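Peer 1: Supplied structure: protein.pdb, PDB, C-alpha atoms.
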```pdb
MODEL        1
ATOM      1  CA  MET V   1       0.000   0.000   0.000  1.00  0.00           C
ATOM      2  CA  THR V   2       1.485   3.351  -1.030  1.00  0.00           C
ATOM      3  CA  ALA V   3       0.764   6.817   0.315  1.00  0.00           C
ATOM      4  CA  ARG V   4      -1.557   7.553  -2.637  1.00  0.00           C
ATOM      5  CA  ASP V   5      -3.674   4.548  -1.917  1.00  0.00           C
ATOM      6  CA  HIS V   6      -4.220   5.536   1.729  1.00  0.00           C
ATOM      7  CA  PRO V   7      -7.851   6.535   2.380  1.00  0.00           C
ATOM      8  CA  LYS V   8      -6.902   9.801   4.181  1.00  0.00           C
ATOM      9  CA  ALA V   9      -4.293  10.956   1.664  1.00  0.00           C
ATOM     10  CA  ILE V  10      -4.805  14.390   0.143  1.00  0.00           C
ATOM     11  CA  ILE V  11      -3.107  15.098  -3.119  1.00  0.00           C
ATOM     12  CA  LEU V  12      -2.279  18.776  -3.648  1.00  0.00           C
ATOM     13  CA  PRO V  13      -1.552  20.149  -7.068  1.00  0.00           C
ATOM     14  CA  VAL V  14       1.840  21.764  -7.688  1.00  0.00           C
ATOM     15  CA  ILE V  15       1.366  25.517  -8.186  1.00  0.00           C
ATOM     16  CA  ARG V  16       3.923  27.250 -10.357  1.00  0.00           C
ATOM     17  CA  PRO V  17       4.082  30.969 -11.112  1.00  0.00           C
ATOM     18  CA  ILE V  18       3.084  31.952 -14.592  1.00  0.00           C
ATOM     19  CA  ARG V  19       6.183  34.107 -15.072  1.00  0.00           C
ATOM     20  CA  PRO V  20       9.166  34.821 -12.828  1.00  0.00           C
ATOM     21  CA  ILE V  21       8.897  37.883 -10.559  1.00  0.00           C
ATOM     22  CA  ARG V  22      11.729  40.335 -11.003  1.00  0.00           C
ATOM     23  CA  PRO V  23      12.424  43.245  -8.657  1.00  0.00           C
ATOM     24  CA  ILE V  24      11.996  46.775  -9.972  1.00  0.00           C
ATOM     25  CA  SER V  25      13.399  50.040  -8.709  1.00  0.00           C
ATOM     26  CA  ILE V  26      11.294  53.038  -7.775  1.00  0.00           C
ATOM     27  CA  ALA V  27      12.711  54.913 -10.774  1.00  0.00           C
ATOM     28  CA  GLN V  28      10.933  52.485 -13.115  1.00  0.00           C
ATOM     29  CA  ILE V  29       7.508  53.521 -11.808  1.00  0.00           C
ATOM     30  CA  PRO V  30       5.865  55.836 -14.342  1.00  0.00           C
ATOM     31  CA  GLY V  31       5.593  59.471 -13.245  1.00  0.00           C
ATOM     32  CA  TRP V  32       8.140  59.070 -10.476  1.00  0.00           C
ATOM     33  CA  ARG V  33      10.126  62.126  -9.430  1.00  0.00           C
ATOM     34  CA  LYS V  34      12.365  62.811  -6.451  1.00  0.00           C
ATOM     35  CA  ARG V  35       9.838  65.271  -5.095  1.00  0.00           C
ATOM     36  CA  GLN V  36       7.224  62.554  -4.971  1.00  0.00           C
ATOM     37  CA  ALA V  37       9.575  60.216  -3.089  1.00  0.00           C
ATOM     38  CA  VAL V  38       9.325  62.406  -0.015  1.00  0.00           C
ATOM     39  CA  ALA V  39       5.554  62.052  -0.065  1.00  0.00           C
ATOM     40  CA  ILE V  40       5.764  58.271  -0.608  1.00  0.00           C
ATOM     41  CA  PHE V  41       7.905  57.554   2.461  1.00  0.00           C
ATOM     42  CA  PRO V  42       6.168  57.902   5.826  1.00  0.00           C
ATOM     43  CA  PRO V  43       7.934  59.978   8.513  1.00  0.00           C
ATOM     44  CA  CYS V  44       9.215  56.887  10.313  1.00  0.00           C
ATOM     45  CA  LEU V  45      11.139  55.832   7.188  1.00  0.00           C
ATOM     46  CA  ARG V  46      12.339  59.283   6.151  1.00  0.00           C
ATOM     47  CA  ARG V  47      14.940  59.385   8.900  1.00  0.00           C
ATOM     48  CA  LEU V  48      16.481  56.218   7.478  1.00  0.00           C
ATOM     49  CA  ARG V  49      17.301  57.975   4.219  1.00  0.00           C
ATOM     50  CA  PRO V  50      20.574  59.879   4.613  1.00  0.00           C
ATOM     51  CA  SER V  51      19.615  62.540   2.069  1.00  0.00           C
ATOM     52  CA  LEU V  52      16.518  63.504   4.058  1.00  0.00           C
ATOM     53  CA  ARG V  53      18.082  63.339   7.517  1.00  0.00           C
ATOM     54  CA  PRO V  54      18.172  66.749   9.252  1.00  0.00           C
ATOM     55  CA  LYS V  55      21.573  68.081  10.202  1.00  0.00           C
ATOM     56  CA  ARG V  56      22.266  67.763  13.890  1.00  0.00           C
ATOM     57  CA  ARG V  57      24.077  70.329  15.920  1.00  0.00           C
ATOM     58  CA  ARG V  58      26.847  68.929  18.012  1.00  0.00           C
ATOM     59  CA  ARG V  59      26.610  69.795  21.648  1.00  0.00           C
ATOM     60  CA  LYS V  60      29.748  70.463  23.573  1.00  0.00           C
ATOM     61  CA  LYS V  61      30.365  67.647  25.974  1.00  0.00           C
ATOM     62  CA  PRO V  62      30.652  68.787  29.573  1.00  0.00           C
ATOM     63  CA  ALA V  63      34.000  68.242  31.196  1.00  0.00           C
ATOM     64  CA  PRO V  64      34.289  65.047  33.214  1.00  0.00           C
ATOM     65  CA  ARG V  65      33.544  65.370  36.908  1.00  0.00           C
ATOM     66  CA  GLU V  66      37.184  64.799  37.798  1.00  0.00           C
ATOM     67  CA  LEU V  67      38.221  67.898  35.850  1.00  0.00           C
ATOM     68  CA  ARG V  68      35.329  70.111  37.016  1.00  0.00           C
ATOM     69  CA  ASP V  69      35.693  69.403  40.736  1.00  0.00           C
ATOM     70  CA  ARG V  70      39.462  69.516  41.063  1.00  0.00           C
ATOM     71  CA  GLY V  71      39.322  72.003  43.853  1.00  0.00           C
ATOM     72  CA  TYR V  72      40.797  70.294  46.919  1.00  0.00           C
ATOM     73  CA  LEU V  73      44.439  70.538  47.922  1.00  0.00           C
ATOM     74  CA  VAL V  74      46.345  67.827  49.785  1.00  0.00           C
ATOM     75  CA  ILE V  75      48.940  69.479  52.036  1.00  0.00           C
ATOM     76  CA  CYS V  76      51.594  67.725  54.076  1.00  0.00           C
ATOM     77  CA  TRP V  77      52.973  69.582  57.114  1.00  0.00           C
ATOM     78  CA  ASN V  78      56.364  69.322  58.780  1.00  0.00           C
ATOM     79  CA  ASP V  79      56.658  67.317  61.983  1.00  0.00           C
ATOM     80  CA  PRO V  80      59.735  66.610  64.131  1.00  0.00           C
ATOM     81  CA  VAL V  81      58.921  62.891  64.505  1.00  0.00           C
ATOM     82  CA  ASN V  82      59.327  61.292  61.065  1.00  0.00           C
ATOM     83  CA  LEU V  83      62.669  60.879  59.331  1.00  0.00           C
ATOM     84  CA  MET V  84      63.203  62.409  55.892  1.00  0.00           C
ATOM     85  CA  VAL V  85      63.889  59.005  54.329  1.00  0.00           C
ATOM     86  CA  TYR V  86      60.612  57.680  55.729  1.00  0.00           C
ATOM     87  CA  VAL V  87      58.618  60.664  54.384  1.00  0.00           C
ATOM     88  CA  THR V  88      60.180  60.138  50.930  1.00  0.00           C
ATOM     89  CA  HIS V  89      59.266  56.458  51.055  1.00  0.00           C
ATOM     90  CA  VAL V  90      55.653  57.228  52.029  1.00  0.00           C
ATOM     91  CA  PHE V  91      55.275  59.732  49.156  1.00  0.00           C
ATOM     92  CA  GLN V  92      56.546  57.087  46.740  1.00  0.00           C
ATOM     93  CA  ILE V  93      54.081  54.492  48.023  1.00  0.00           C
ATOM     94  CA  VAL V  94      50.970  56.693  48.283  1.00  0.00           C
ATOM     95  CA  PHE V  95      51.348  58.771  45.108  1.00  0.00           C
ATOM     96  CA  GLY V  96      53.514  56.423  43.031  1.00  0.00           C
ATOM     97  CA  TRP V  97      56.077  59.136  42.406  1.00  0.00           C
ATOM     98  CA  PRO V  98      59.679  58.542  41.386  1.00  0.00           C
ATOM     99  CA  LYS V  99      62.296  59.040  44.084  1.00  0.00           C
ATOM    100  CA  ALA V 100      63.445  62.466  42.780  1.00  0.00           C
ATOM    101  CA  ARG V 101      59.957  63.973  42.950  1.00  0.00           C
ATOM    102  CA  ALA V 102      59.267  62.458  46.368  1.00  0.00           C
ATOM    103  CA  GLU V 103      62.583  63.884  47.691  1.00  0.00           C
ATOM    104  CA  ARG V 104      61.758  67.326  46.251  1.00  0.00           C
ATOM    105  CA  HIS V 105      58.427  67.425  48.110  1.00  0.00           C
ATOM    106  CA  MET V 106      60.061  66.058  51.258  1.00  0.00           C
ATOM    107  CA  MET V 107      62.650  68.865  51.182  1.00  0.00           C
ATOM    108  CA  GLN V 108      59.885  71.416  50.638  1.00  0.00           C
ATOM    109  CA  VAL V 109      58.093  70.054  53.731  1.00  0.00           C
ATOM    110  CA  HIS V 110      61.348  70.158  55.698  1.00  0.00           C
ATOM    111  CA  GLN V 111      62.402  73.694  54.683  1.00  0.00           C
ATOM    112  CA  ALA V 112      59.115  75.576  54.163  1.00  0.00           C
ATOM    113  CA  GLY V 113      57.058  73.697  56.712  1.00  0.00           C
ATOM    114  CA  LYS V 114      54.480  72.417  54.226  1.00  0.00           C
ATOM    115  CA  SER V 115      54.129  71.135  50.673  1.00  0.00           C
ATOM    116  CA  LEU V 116      51.237  71.002  48.251  1.00  0.00           C
ATOM    117  CA  LEU V 117      51.151  67.370  47.181  1.00  0.00           C
ATOM    118  CA  ALA V 118      48.046  67.108  44.982  1.00  0.00           C
ATOM    119  CA  ARG V 119      45.044  69.010  43.643  1.00  0.00           C
ATOM    120  CA  GLU V 120      42.189  66.528  43.310  1.00  0.00           C
ATOM    121  CA  THR V 121      38.457  65.949  43.692  1.00  0.00           C
ATOM    122  CA  PHE V 122      37.031  65.766  47.198  1.00  0.00           C
ATOM    123  CA  GLU V 123      36.979  61.962  47.338  1.00  0.00           C
ATOM    124  CA  LYS V 124      40.512  61.470  46.014  1.00  0.00           C
ATOM    125  CA  ALA V 125      41.948  64.209  48.228  1.00  0.00           C
ATOM    126  CA  GLU V 126      40.242  62.691  51.265  1.00  0.00           C
ATOM    127  CA  HIS V 127      41.620  59.278  50.318  1.00  0.00           C
ATOM    128  CA  TYR V 128      45.194  60.625  50.046  1.00  0.00           C
ATOM    129  CA  VAL V 129      44.908  62.431  53.405  1.00  0.00           C
ATOM    130  CA  HIS V 130      43.699  59.259  55.131  1.00  0.00           C
ATOM    131  CA  GLN V 131      46.525  57.250  53.599  1.00  0.00           C
ATOM    132  CA  LEU V 132      49.166  59.790  54.677  1.00  0.00           C
ATOM    133  CA  GLN V 133      47.707  59.958  58.184  1.00  0.00           C
ATOM    134  CA  GLY V 134      47.751  56.162  58.297  1.00  0.00           C
ATOM    135  CA  TYR V 135      51.520  56.300  57.810  1.00  0.00           C
ATOM    136  CA  GLY V 136      51.835  58.802  60.651  1.00  0.00           C
ATOM    137  CA  LEU V 137      52.328  61.990  58.592  1.00  0.00           C
ATOM    138  CA  HIS V 138      50.506  65.219  59.380  1.00  0.00           C
ATOM    139  CA  ALA V 139      48.380  65.874  56.261  1.00  0.00           C
ATOM    140  CA  THR V 140      45.316  68.042  55.681  1.00  0.00           C
ATOM    141  CA  MET V 141      42.866  68.785  52.892  1.00  0.00           C
ATOM    142  CA  GLU V 142      41.812  72.336  51.980  1.00  0.00           C
ATOM    143  CA  ARG V 143      39.364  73.806  49.484  1.00  0.00           C
ATOM    144  CA  GLU V 144      41.135  75.642  46.655  1.00  0.00           C
ATOM    145  CA  GLU V 145      40.131  79.288  46.289  1.00  0.00           C
TER     146      GLU V 145
ENDMDL
END
```
Step by step, read the file and then write its structure as structure tokens.

Peer 2:
Amino acid sequence: MTARDHPKAIILPVIRPIRPIRPISIAQIPGWRKRQAVAIFPPCLRRLRPSLRPKRRRRKKPAPRELRDRGYLVICWNDPVNLMVYVTHVFQIVFGWPKARAERHMMQVHQAGKSLLARETFEKAEHYVHQLQGYGLHATMEREE
């Protein structure tokens, strides 16, 4: 018994197109003009066409928060307790400075009594002050004027 002989079998005819369908461009439509193309496309599709897209004005990007709020100074003060080598070592660890820069700031603390170490945002300045105080140095944070 074959599938055709089955009592519930349905035989469907094969449907073939009369002629092949070929794509056409919008320029082949009779009476087409560029002016009419604007009317053909709905507003939701007009923005997809680059020729009809409105020119956008570029807004200036605001400065990042780190650059806007850099108004707090980290100051280290002289104290008679810590050795100069230790202060240099702490500056190298906390700020990641090379030895020459750390020694320059250490000498400024030793001779002038204080040194401006960093100008940062509130959170970073507070973090540096807490780190310096954790090493036993006398450091403060001030608002820049």

Peer 1: Quick one, how far is CA of Val90 (chain V) from CA of Phe122 (chain V)?

Peer 2: 21.0 Å

Peer 1: Please, what distance in Å, to one decimal, runs between CA of Gln92 (chain V) and CA of His105 (chain V)?

Peer 2: 10.6 Å

Peer 1: Using only C-alpha atoms, determine which residues lie at most 7 Å from Thr88 (chain V), disregarding the query and same-chain residues fewer than 3 positions distant; provide the list as a list in words.

Peer 2: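 Those residues are Met84, Val85, Phe91, Gln92, Ala102, Glu103 and Met106 of chain V.
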
Peer 1: Just want the 8 Å neighbourhood of Leu137 (chain V), counted on all atoms listed in the file, with same-chain residues fewer than 5 positions away dropped. Output as a ChimeraX atom specification.

Peer 2: /V:76-77,79,82,87,132

Peer 1: At what distance in Å, to one decimal, does CA of Gly71 (chain V) lie from CA of Glu145 (chain V)?

Peer 2: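 For CA of Glu145 (chain V) relative to CA of Gly71 (chain V), the distance reads 7.7 Å.
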
Peer 1: So, with all atoms listed in the file as the atoms that count, which of V:Arg119, V:Pro62, V:Ala112, V:Val94 lies closest to Gly134 (chain V)?

Peer 2: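 Of the candidates, the smallest distance to Gly134 (chain V) is held by V:Val94.
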
Peer 1: Pick the closest to Val81 (chain V) from V:Arg143, V:Lys60, V:His130, V:His110: which is it, counting all atoms listed in the file?

Peer 2: V:His110

Peer 1: Could you pull the residues within 6 Å of Asn78 (chain V), counting all atoms listed in the file, minus those fewer than 3 positions along the same chain, as a list in words?

Peer 2: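 Listing them by chain and then by number gives Val109, His110, Gly113 and Lys114 of chain V.
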
Peer 1: Put a box with edges along x, y and z around all the listed atoms of region 105-119 of chain V, pad it by 4 Å on each side, then give me its centre and sizes in Å, one decimal, as lines of an AutoDock Vina configuration file.

Peer 2:
```
center_x = 53.8
center_y = 70.8
center_z = 50.2
size_x = 25.6
size_y = 17.5
size_z = 21.1
```
